[in-house]
file structure-v3.cif (mmCIF, N, CA and C atoms)
data_coords
loop_
_atom_site.label_atom_id
_atom_site.label_comp_id
_atom_site.auth_asym_id
_atom_site.auth_seq_id
_atom_site.Cartn_x
_atom_site.Cartn_y
_atom_site.Cartn_z
N MET H 67 -23.30 -98.44 55.46
CA MET H 67 -23.16 -97.97 56.85
C MET H 67 -24.35 -98.46 57.65
N GLU H 68 -24.10 -98.85 58.87
CA GLU H 68 -25.14 -99.38 59.74
C GLU H 68 -26.14 -98.30 60.16
N PRO H 69 -27.34 -98.72 60.54
CA PRO H 69 -28.33 -97.74 61.00
C PRO H 69 -28.02 -97.27 62.42
N VAL H 70 -28.60 -96.17 62.78
CA VAL H 70 -28.44 -95.59 64.11
C VAL H 70 -28.80 -96.61 65.19
N SER H 71 -29.83 -97.41 64.94
CA SER H 71 -30.30 -98.37 65.94
C SER H 71 -29.22 -99.36 66.38
N ALA H 72 -28.22 -99.59 65.54
CA ALA H 72 -27.15 -100.52 65.89
C ALA H 72 -26.19 -99.95 66.92
N HIS H 73 -26.24 -98.64 67.14
CA HIS H 73 -25.26 -98.00 68.03
C HIS H 73 -25.86 -97.15 69.13
N ALA H 74 -27.14 -96.85 69.05
CA ALA H 74 -27.77 -96.00 70.06
C ALA H 74 -28.04 -96.79 71.34
N SER H 75 -27.98 -96.09 72.45
CA SER H 75 -28.32 -96.69 73.73
C SER H 75 -29.84 -96.73 73.87
N ARG H 76 -30.34 -97.87 74.28
CA ARG H 76 -31.79 -98.00 74.52
C ARG H 76 -32.10 -97.95 76.01
N ASP H 77 -31.06 -97.85 76.82
CA ASP H 77 -31.21 -97.74 78.27
C ASP H 77 -31.38 -96.26 78.61
N LEU H 78 -32.59 -95.76 78.38
CA LEU H 78 -32.84 -94.33 78.49
C LEU H 78 -33.06 -93.88 79.93
N LEU H 79 -32.57 -92.68 80.20
CA LEU H 79 -32.96 -91.98 81.41
C LEU H 79 -34.04 -91.02 80.96
N SER H 80 -35.27 -91.30 81.34
CA SER H 80 -36.36 -90.42 80.95
C SER H 80 -37.08 -89.92 82.19
N VAL H 81 -37.55 -88.68 82.09
CA VAL H 81 -38.23 -88.03 83.21
C VAL H 81 -39.44 -87.27 82.68
N ALA H 82 -40.35 -86.95 83.59
CA ALA H 82 -41.52 -86.15 83.25
C ALA H 82 -41.15 -84.67 83.30
N PRO H 83 -41.86 -83.83 82.56
CA PRO H 83 -41.55 -82.39 82.54
C PRO H 83 -41.57 -81.71 83.91
N GLY H 84 -42.36 -82.23 84.84
CA GLY H 84 -42.46 -81.61 86.16
C GLY H 84 -41.44 -82.07 87.17
N THR H 85 -40.57 -82.99 86.78
CA THR H 85 -39.55 -83.51 87.69
C THR H 85 -38.59 -82.38 88.09
N PRO H 86 -38.31 -82.23 89.38
CA PRO H 86 -37.38 -81.18 89.81
C PRO H 86 -35.98 -81.36 89.20
N LEU H 87 -35.37 -80.25 88.84
CA LEU H 87 -34.03 -80.28 88.26
C LEU H 87 -33.05 -81.07 89.12
N ARG H 88 -33.08 -80.83 90.42
CA ARG H 88 -32.14 -81.52 91.32
C ARG H 88 -32.26 -83.04 91.16
N GLU H 89 -33.49 -83.54 91.10
CA GLU H 89 -33.69 -84.99 90.96
C GLU H 89 -33.13 -85.50 89.62
N VAL H 90 -33.36 -84.75 88.56
CA VAL H 90 -32.86 -85.17 87.25
C VAL H 90 -31.33 -85.17 87.25
N ILE H 91 -30.74 -84.13 87.80
CA ILE H 91 -29.28 -84.03 87.87
C ILE H 91 -28.70 -85.18 88.69
N GLU H 92 -29.33 -85.49 89.82
CA GLU H 92 -28.86 -86.59 90.66
C GLU H 92 -28.96 -87.92 89.92
N ARG H 93 -30.04 -88.11 89.17
CA ARG H 93 -30.22 -89.36 88.42
C ARG H 93 -29.20 -89.45 87.28
N MET H 94 -28.90 -88.31 86.63
CA MET H 94 -27.89 -88.30 85.58
C MET H 94 -26.53 -88.68 86.17
N ALA H 95 -26.21 -88.12 87.32
CA ALA H 95 -24.92 -88.42 87.96
C ALA H 95 -24.85 -89.88 88.39
N ALA H 96 -25.92 -90.38 88.96
CA ALA H 96 -25.94 -91.78 89.43
C ALA H 96 -25.79 -92.76 88.26
N ARG H 97 -26.36 -92.42 87.13
CA ARG H 97 -26.31 -93.29 85.96
C ARG H 97 -25.10 -93.00 85.08
N ASN H 98 -24.37 -91.92 85.41
CA ASN H 98 -23.20 -91.51 84.64
C ASN H 98 -23.54 -91.27 83.17
N VAL H 99 -24.62 -90.50 82.96
CA VAL H 99 -25.04 -90.15 81.60
C VAL H 99 -25.05 -88.63 81.44
N GLY H 100 -24.91 -88.19 80.21
CA GLY H 100 -24.83 -86.76 79.93
C GLY H 100 -26.13 -86.12 79.50
N ALA H 101 -27.22 -86.91 79.46
CA ALA H 101 -28.49 -86.35 79.03
C ALA H 101 -29.65 -87.19 79.55
N ALA H 102 -30.77 -86.50 79.76
CA ALA H 102 -32.02 -87.16 80.13
C ALA H 102 -33.09 -86.70 79.16
N LEU H 103 -33.90 -87.65 78.68
CA LEU H 103 -35.00 -87.30 77.81
C LEU H 103 -36.20 -86.93 78.66
N VAL H 104 -36.85 -85.84 78.29
CA VAL H 104 -38.04 -85.38 79.00
C VAL H 104 -39.24 -85.83 78.17
N ILE H 105 -40.04 -86.73 78.74
CA ILE H 105 -41.13 -87.37 78.03
C ILE H 105 -42.46 -86.92 78.63
N ASP H 106 -43.35 -86.48 77.77
CA ASP H 106 -44.70 -86.09 78.17
C ASP H 106 -45.66 -87.06 77.50
N GLY H 107 -46.16 -88.02 78.27
CA GLY H 107 -46.94 -89.12 77.69
C GLY H 107 -45.99 -90.03 76.94
N GLU H 108 -46.16 -90.16 75.64
CA GLU H 108 -45.20 -90.89 74.81
C GLU H 108 -44.38 -89.94 73.95
N ARG H 109 -44.64 -88.65 74.07
CA ARG H 109 -44.02 -87.64 73.22
C ARG H 109 -42.74 -87.09 73.85
N LEU H 110 -41.73 -86.90 73.02
CA LEU H 110 -40.49 -86.27 73.46
C LEU H 110 -40.73 -84.77 73.57
N ALA H 111 -40.71 -84.27 74.79
CA ALA H 111 -40.93 -82.84 75.01
C ALA H 111 -39.62 -82.06 74.98
N GLY H 112 -38.54 -82.72 75.39
CA GLY H 112 -37.26 -82.03 75.44
C GLY H 112 -36.14 -82.95 75.89
N ILE H 113 -34.99 -82.34 76.08
CA ILE H 113 -33.81 -83.07 76.55
C ILE H 113 -33.07 -82.15 77.51
N LEU H 114 -32.59 -82.69 78.60
CA LEU H 114 -31.74 -81.95 79.53
C LEU H 114 -30.35 -82.54 79.40
N THR H 115 -29.40 -81.69 79.04
CA THR H 115 -28.03 -82.13 78.84
C THR H 115 -27.12 -81.50 79.89
N GLU H 116 -25.88 -81.96 79.91
CA GLU H 116 -24.89 -81.38 80.81
C GLU H 116 -24.76 -79.88 80.59
N ARG H 117 -24.84 -79.44 79.36
CA ARG H 117 -24.76 -78.00 79.07
C ARG H 117 -25.92 -77.24 79.70
N ASP H 118 -27.12 -77.82 79.62
CA ASP H 118 -28.28 -77.18 80.23
C ASP H 118 -28.09 -77.06 81.74
N VAL H 119 -27.53 -78.11 82.35
CA VAL H 119 -27.27 -78.10 83.79
C VAL H 119 -26.25 -77.03 84.13
N LEU H 120 -25.19 -76.94 83.35
CA LEU H 120 -24.15 -75.94 83.58
C LEU H 120 -24.74 -74.53 83.51
N ARG H 121 -25.57 -74.29 82.51
CA ARG H 121 -26.20 -72.96 82.38
C ARG H 121 -27.13 -72.67 83.55
N ALA H 122 -27.86 -73.68 84.01
CA ALA H 122 -28.77 -73.49 85.14
C ALA H 122 -27.99 -73.12 86.40
N VAL H 123 -26.87 -73.80 86.62
CA VAL H 123 -26.04 -73.50 87.78
C VAL H 123 -25.45 -72.10 87.65
N ALA H 124 -24.97 -71.75 86.48
CA ALA H 124 -24.40 -70.42 86.25
C ALA H 124 -25.44 -69.33 86.46
N ASP H 125 -26.69 -69.62 86.10
CA ASP H 125 -27.78 -68.65 86.28
C ASP H 125 -28.36 -68.68 87.69
N GLU H 126 -27.79 -69.55 88.55
CA GLU H 126 -28.23 -69.71 89.93
C GLU H 126 -29.72 -70.03 90.03
N ILE H 127 -30.17 -70.92 89.16
CA ILE H 127 -31.56 -71.36 89.13
C ILE H 127 -31.86 -72.22 90.35
N ASP H 128 -33.04 -72.06 90.89
CA ASP H 128 -33.50 -72.91 91.99
C ASP H 128 -33.63 -74.33 91.45
N LEU H 129 -32.88 -75.25 92.01
CA LEU H 129 -32.88 -76.62 91.52
C LEU H 129 -34.16 -77.38 91.87
N ALA H 130 -35.06 -76.74 92.57
CA ALA H 130 -36.38 -77.32 92.82
C ALA H 130 -37.32 -77.03 91.64
N ALA H 131 -36.89 -76.18 90.72
CA ALA H 131 -37.70 -75.84 89.55
C ALA H 131 -37.89 -77.08 88.68
N PRO H 132 -38.99 -77.16 87.96
CA PRO H 132 -39.20 -78.31 87.08
C PRO H 132 -38.20 -78.33 85.93
N VAL H 133 -37.85 -79.52 85.50
CA VAL H 133 -36.88 -79.69 84.40
C VAL H 133 -37.35 -78.96 83.15
N SER H 134 -38.65 -78.83 82.97
CA SER H 134 -39.18 -78.17 81.76
C SER H 134 -38.74 -76.72 81.64
N THR H 135 -38.30 -76.12 82.75
CA THR H 135 -37.86 -74.72 82.69
C THR H 135 -36.45 -74.57 82.14
N ARG H 136 -35.67 -75.65 82.12
CA ARG H 136 -34.28 -75.56 81.68
C ARG H 136 -33.91 -76.52 80.56
N MET H 137 -34.83 -77.39 80.18
CA MET H 137 -34.53 -78.35 79.13
C MET H 137 -34.47 -77.65 77.77
N THR H 138 -33.88 -78.33 76.81
CA THR H 138 -33.94 -77.89 75.42
C THR H 138 -35.25 -78.43 74.86
N HIS H 139 -36.14 -77.52 74.50
CA HIS H 139 -37.45 -77.91 73.99
C HIS H 139 -37.35 -78.39 72.55
N ALA H 140 -38.18 -79.38 72.21
CA ALA H 140 -38.29 -79.90 70.84
C ALA H 140 -36.91 -80.10 70.19
N PRO H 141 -36.08 -80.97 70.79
CA PRO H 141 -34.73 -81.17 70.23
C PRO H 141 -34.78 -81.86 68.88
N GLU H 142 -33.71 -81.71 68.14
CA GLU H 142 -33.53 -82.45 66.89
C GLU H 142 -33.56 -83.93 67.23
N THR H 143 -34.13 -84.74 66.36
CA THR H 143 -34.17 -86.19 66.56
C THR H 143 -33.74 -86.89 65.28
N ILE H 144 -33.56 -88.19 65.39
CA ILE H 144 -33.23 -89.00 64.22
C ILE H 144 -33.99 -90.31 64.32
N GLU H 145 -34.43 -90.82 63.18
CA GLU H 145 -35.11 -92.11 63.15
C GLU H 145 -34.08 -93.23 63.34
N SER H 146 -34.49 -94.29 64.00
CA SER H 146 -33.56 -95.39 64.28
C SER H 146 -33.04 -96.05 63.01
N SER H 147 -33.77 -95.93 61.92
CA SER H 147 -33.35 -96.55 60.66
C SER H 147 -32.41 -95.66 59.85
N ASP H 148 -32.23 -94.40 60.27
CA ASP H 148 -31.32 -93.50 59.55
C ASP H 148 -29.87 -93.95 59.74
N SER H 149 -29.00 -93.45 58.89
CA SER H 149 -27.60 -93.86 58.93
C SER H 149 -26.81 -93.12 60.00
N ILE H 150 -25.75 -93.76 60.43
CA ILE H 150 -24.81 -93.12 61.37
C ILE H 150 -24.21 -91.86 60.74
N ASP H 151 -23.95 -91.90 59.44
CA ASP H 151 -23.42 -90.72 58.76
C ASP H 151 -24.37 -89.54 58.89
N HIS H 152 -25.65 -89.80 58.72
CA HIS H 152 -26.65 -88.73 58.85
C HIS H 152 -26.66 -88.19 60.28
N ALA H 153 -26.59 -89.09 61.26
CA ALA H 153 -26.55 -88.68 62.67
C ALA H 153 -25.33 -87.80 62.94
N ALA H 154 -24.17 -88.21 62.44
CA ALA H 154 -22.95 -87.43 62.65
C ALA H 154 -23.09 -86.04 62.03
N THR H 155 -23.66 -85.97 60.85
CA THR H 155 -23.85 -84.68 60.19
C THR H 155 -24.75 -83.78 61.02
N LEU H 156 -25.87 -84.32 61.52
CA LEU H 156 -26.78 -83.54 62.35
C LEU H 156 -26.08 -83.02 63.61
N MET H 157 -25.32 -83.90 64.25
CA MET H 157 -24.67 -83.52 65.51
C MET H 157 -23.56 -82.50 65.29
N ILE H 158 -22.79 -82.68 64.25
CA ILE H 158 -21.69 -81.74 63.98
C ILE H 158 -22.24 -80.37 63.61
N HIS H 159 -23.19 -80.34 62.68
CA HIS H 159 -23.74 -79.06 62.23
C HIS H 159 -24.61 -78.40 63.31
N GLY H 160 -25.25 -79.21 64.14
CA GLY H 160 -26.09 -78.66 65.20
C GLY H 160 -25.33 -78.29 66.45
N GLY H 161 -24.10 -78.79 66.58
CA GLY H 161 -23.27 -78.46 67.74
C GLY H 161 -23.75 -79.12 69.03
N PHE H 162 -24.35 -80.31 68.92
CA PHE H 162 -24.77 -81.00 70.13
C PHE H 162 -24.16 -82.39 70.19
N ARG H 163 -24.14 -82.94 71.43
CA ARG H 163 -23.47 -84.21 71.67
C ARG H 163 -24.42 -85.36 71.97
N HIS H 164 -25.71 -85.08 72.02
CA HIS H 164 -26.70 -86.11 72.30
C HIS H 164 -27.86 -85.94 71.34
N LEU H 165 -28.27 -87.04 70.72
CA LEU H 165 -29.31 -87.01 69.70
C LEU H 165 -30.36 -88.08 70.03
N PRO H 166 -31.58 -87.65 70.39
CA PRO H 166 -32.63 -88.63 70.66
C PRO H 166 -32.98 -89.42 69.40
N VAL H 167 -33.18 -90.71 69.59
CA VAL H 167 -33.54 -91.62 68.50
C VAL H 167 -35.02 -91.96 68.65
N VAL H 168 -35.75 -91.85 67.54
CA VAL H 168 -37.19 -92.11 67.58
C VAL H 168 -37.58 -93.12 66.52
N ASP H 169 -38.70 -93.78 66.77
CA ASP H 169 -39.37 -94.64 65.80
C ASP H 169 -40.77 -94.08 65.65
N GLY H 170 -41.06 -93.48 64.51
CA GLY H 170 -42.37 -92.89 64.32
C GLY H 170 -42.70 -91.82 65.33
N GLY H 171 -41.70 -91.08 65.77
CA GLY H 171 -41.91 -90.01 66.73
C GLY H 171 -41.85 -90.42 68.19
N VAL H 172 -41.79 -91.73 68.46
CA VAL H 172 -41.72 -92.23 69.84
C VAL H 172 -40.26 -92.46 70.21
N PRO H 173 -39.78 -91.87 71.31
CA PRO H 173 -38.38 -92.06 71.71
C PRO H 173 -38.06 -93.51 72.03
N VAL H 174 -36.96 -94.00 71.41
CA VAL H 174 -36.55 -95.40 71.64
C VAL H 174 -35.08 -95.51 72.01
N GLY H 175 -34.34 -94.40 71.96
CA GLY H 175 -32.92 -94.46 72.27
C GLY H 175 -32.30 -93.09 72.25
N ILE H 176 -31.00 -93.09 72.46
CA ILE H 176 -30.24 -91.85 72.39
C ILE H 176 -28.85 -92.20 71.85
N LEU H 177 -28.36 -91.34 70.98
CA LEU H 177 -27.04 -91.52 70.39
C LEU H 177 -26.15 -90.39 70.91
N SER H 178 -24.98 -90.75 71.40
CA SER H 178 -24.06 -89.73 71.91
C SER H 178 -22.86 -89.61 70.97
N ILE H 179 -22.15 -88.53 71.13
CA ILE H 179 -20.94 -88.32 70.33
C ILE H 179 -19.95 -89.45 70.63
N ARG H 180 -19.97 -89.96 71.85
CA ARG H 180 -19.10 -91.08 72.23
C ARG H 180 -19.44 -92.32 71.40
N ASP H 181 -20.75 -92.54 71.16
CA ASP H 181 -21.16 -93.66 70.33
C ASP H 181 -20.59 -93.51 68.92
N LEU H 182 -20.59 -92.29 68.40
CA LEU H 182 -20.06 -92.04 67.06
C LEU H 182 -18.56 -92.29 67.01
N VAL H 183 -17.86 -91.91 68.07
CA VAL H 183 -16.41 -92.14 68.12
C VAL H 183 -16.12 -93.64 68.10
N ARG H 184 -16.92 -94.40 68.83
CA ARG H 184 -16.73 -95.86 68.84
C ARG H 184 -16.90 -96.45 67.44
N VAL H 185 -17.82 -95.90 66.67
CA VAL H 185 -18.03 -96.37 65.31
C VAL H 185 -16.83 -96.00 64.44
N ALA H 186 -16.31 -94.80 64.63
CA ALA H 186 -15.24 -94.28 63.78
C ALA H 186 -13.89 -94.91 64.07
N LEU H 187 -13.65 -95.30 65.30
CA LEU H 187 -12.35 -95.83 65.69
C LEU H 187 -12.39 -97.33 65.88
N VAL H 188 -11.41 -97.97 65.39
CA VAL H 188 -11.27 -99.41 65.61
C VAL H 188 -10.15 -99.60 66.62
N ASP H 189 -10.50 -100.11 67.78
CA ASP H 189 -9.52 -100.29 68.85
C ASP H 189 -8.85 -101.64 68.67
N THR H 190 -7.63 -101.65 68.16
CA THR H 190 -6.94 -102.91 67.91
C THR H 190 -6.00 -103.31 69.06
N ALA H 191 -5.77 -102.39 69.97
CA ALA H 191 -4.88 -102.70 71.10
C ALA H 191 -5.70 -103.27 72.24
N PRO H 192 -5.21 -104.31 72.88
CA PRO H 192 -5.93 -104.84 74.04
C PRO H 192 -5.92 -103.84 75.19
N ARG H 193 -6.92 -103.90 76.02
CA ARG H 193 -7.01 -102.99 77.17
C ARG H 193 -5.75 -103.13 78.03
N GLY H 194 -5.25 -102.00 78.48
CA GLY H 194 -4.10 -101.99 79.37
C GLY H 194 -2.76 -102.07 78.66
N ALA H 195 -2.79 -102.20 77.34
CA ALA H 195 -1.52 -102.33 76.60
C ALA H 195 -0.91 -100.97 76.33
#

call {"tool": "encode", "arguments": {"input": "structure-v3.cif", "output": "structure tokens"}}
result
Amino acid sequence: MEPVSAHASRDLLSVAPGTPLREVIERMAARNVGAALVIDGERLAGILTERDVLRAVADEIDLAAPVSTRMTHAPETIESSDSIDHAATLMIHGGFRHLPVVDGGVPVGILSIRDLVRVALVDTAPRGA
């Protein structure tokens, strides 16, 4: 089985912990991504996902608040050399859809449940068929 690095996105949306929630949400929408990595220096401090945004809206949180107030702190991560099978196991058992990919603790990518589906399914039909 191929390593996580073969399937993870390296086009990261990363923000600082003090970035206002509204700005992070707008950037997620503009980039059409379901998660943003919160980086403090070179360290992964957290992740803000669509679920975190939904909870913030439901709690009527001031969207001017820093992302650090609503992010998932110290999220589960996976090394880029780990297997896709290991990533799938972590995501299924952890109940999350986005998994930060690290090399020696430094964020280098993100793997989504959509990426795992692409690995699992072989699309043999041409588009539009």

call {"tool": "closest_residue", "arguments": {"input": "structure-v3.cif", "among": "H:Pro132, H:Arg184, H:Ala122, H:Ala72", "to": "Thr85 (chain H)", "atoms": "all atoms listed in the file"}}
result
H:Pro132

call {"tool": "residues_around", "arguments": {"input": "structure-v3.cif", "residues": "region 104-115 of chain H", "least_positions_apart": "3", "cutoff": "7 Å", "atoms": "all atoms listed in the file", "output": "number ranges by chain"}}
result
H: 79-83, 100-101, 118-120, 136-141, 171-173

call {"tool": "atom_distance", "arguments": {"input": "structure-v3.cif", "atom1": "atom N of Val167 (chain H)", "atom2": "atom C of Ala124 (chain H)"}}
result
28.3 Å

call {"tool": "residues_around", "arguments": {"input": "structure-v3.cif", "residues": "Ile144 (chain H)", "least_positions_apart": "3", "cutoff": "7 Å", "atoms": "all atoms listed in the file", "output": "list in words"}}
result
Ser147, Asp148, Ala153, Leu165, Pro166, Val167, Val168 and Asp169 of chain H

call {"tool": "select_by_dssp", "arguments": {"input": "structure-v3.cif", "residues": "region 72-165 of chain H", "states": "alpha helix (DSSP H)", "output": "PyMOL selection string"}}
result
chain H and resi 87-97+116-124+150-160

call {"tool": "atom_distance", "arguments": {"input": "structure-v3.cif", "atom1": "CA of Met94 (chain H)", "atom2": "atom N of Ala130 (chain H)"}}
result
15.3 Å

call {"tool": "atom_distance", "arguments": {"input": "structure-v3.cif", "atom1": "CA of Thr143 (chain H)", "atom2": "atom N of Leu156 (chain H)"}}
result
9.9 Å

call {"tool": "select_by_dssp", "arguments": {"input": "structure-v3.cif", "residues": "chain H", "states": "strand (DSSP E)", "output": "ChimeraX atom specification"}}
result
/H:80-81,101-106,109-115,138-139,144-145,164-169,172-178

call {"tool": "closest_residue", "arguments": {"input": "structure-v3.cif", "among": "H:Glu68, H:Gly170, H:Asp77, H:Pro86", "to": "Ala186 (chain H)", "atoms": "only C-alpha atoms"}}
result
H:Glu68

call {"tool": "closest_residue", "arguments": {"input": "structure-v3.cif", "among": "H:Asp151, H:Glu116, H:Glu142, H:Asp128", "to": "Arg88 (chain H)", "atoms": "all atoms listed in the file"}}
result
H:Asp128

call {"tool": "decode", "arguments": {"input": "structure-v3.cif", "residues": "region 88-103 of chain H", "atoms": "N, CA and C atoms", "output": "compact mmCIF listing (two decimals), in the first residue's frame"}}
result
# COMPACT_ATOMS: atom_id res chain seq x y z
N ARG H 88 -13.84 34.56 11.56
CA ARG H 88 -14.49 34.98 10.31
C ARG H 88 -13.52 34.89 9.13
N GLU H 89 -12.29 35.36 9.33
CA GLU H 89 -11.29 35.32 8.26
C GLU H 89 -10.96 33.88 7.86
N VAL H 90 -10.81 33.01 8.84
CA VAL H 90 -10.50 31.61 8.54
C VAL H 90 -11.65 30.96 7.79
N ILE H 91 -12.87 31.21 8.23
CA ILE H 91 -14.05 30.64 7.57
C ILE H 91 -14.15 31.15 6.14
N GLU H 92 -13.91 32.44 5.93
CA GLU H 92 -13.97 33.01 4.58
C GLU H 92 -12.89 32.38 3.69
N ARG H 93 -11.71 32.16 4.24
CA ARG H 93 -10.62 31.56 3.46
C ARG H 93 -10.94 30.10 3.14
N MET H 94 -11.56 29.38 4.09
CA MET H 94 -11.95 28.00 3.84
C MET H 94 -12.99 27.96 2.71
N ALA H 95 -13.95 28.86 2.76
CA ALA H 95 -14.99 28.90 1.72
C ALA H 95 -14.39 29.26 0.36
N ALA H 96 -13.51 30.23 0.34
CA ALA H 96 -12.90 30.66 -0.93
C ALA H 96 -12.06 29.55 -1.55
N ARG H 97 -11.41 28.77 -0.72
CA ARG H 97 -10.55 27.68 -1.21
C ARG H 97 -11.32 26.37 -1.36
N ASN H 98 -12.58 26.36 -0.90
CA ASN H 98 -13.42 25.17 -0.96
C ASN H 98 -12.76 23.98 -0.25
N VAL H 99 -12.29 24.24 0.98
CA VAL H 99 -11.68 23.20 1.80
C VAL H 99 -12.45 23.05 3.10
N GLY H 100 -12.36 21.87 3.69
CA GLY H 100 -13.10 21.58 4.91
C GLY H 100 -12.31 21.74 6.19
N ALA H 101 -11.04 22.17 6.07
CA ALA H 101 -10.23 22.32 7.28
C ALA H 101 -9.08 23.28 7.03
N ALA H 102 -8.68 23.94 8.11
CA ALA H 102 -7.51 24.81 8.10
C ALA H 102 -6.60 24.39 9.24
N LEU H 103 -5.30 24.30 8.95
CA LEU H 103 -4.34 23.97 10.00
C LEU H 103 -3.94 25.26 10.71
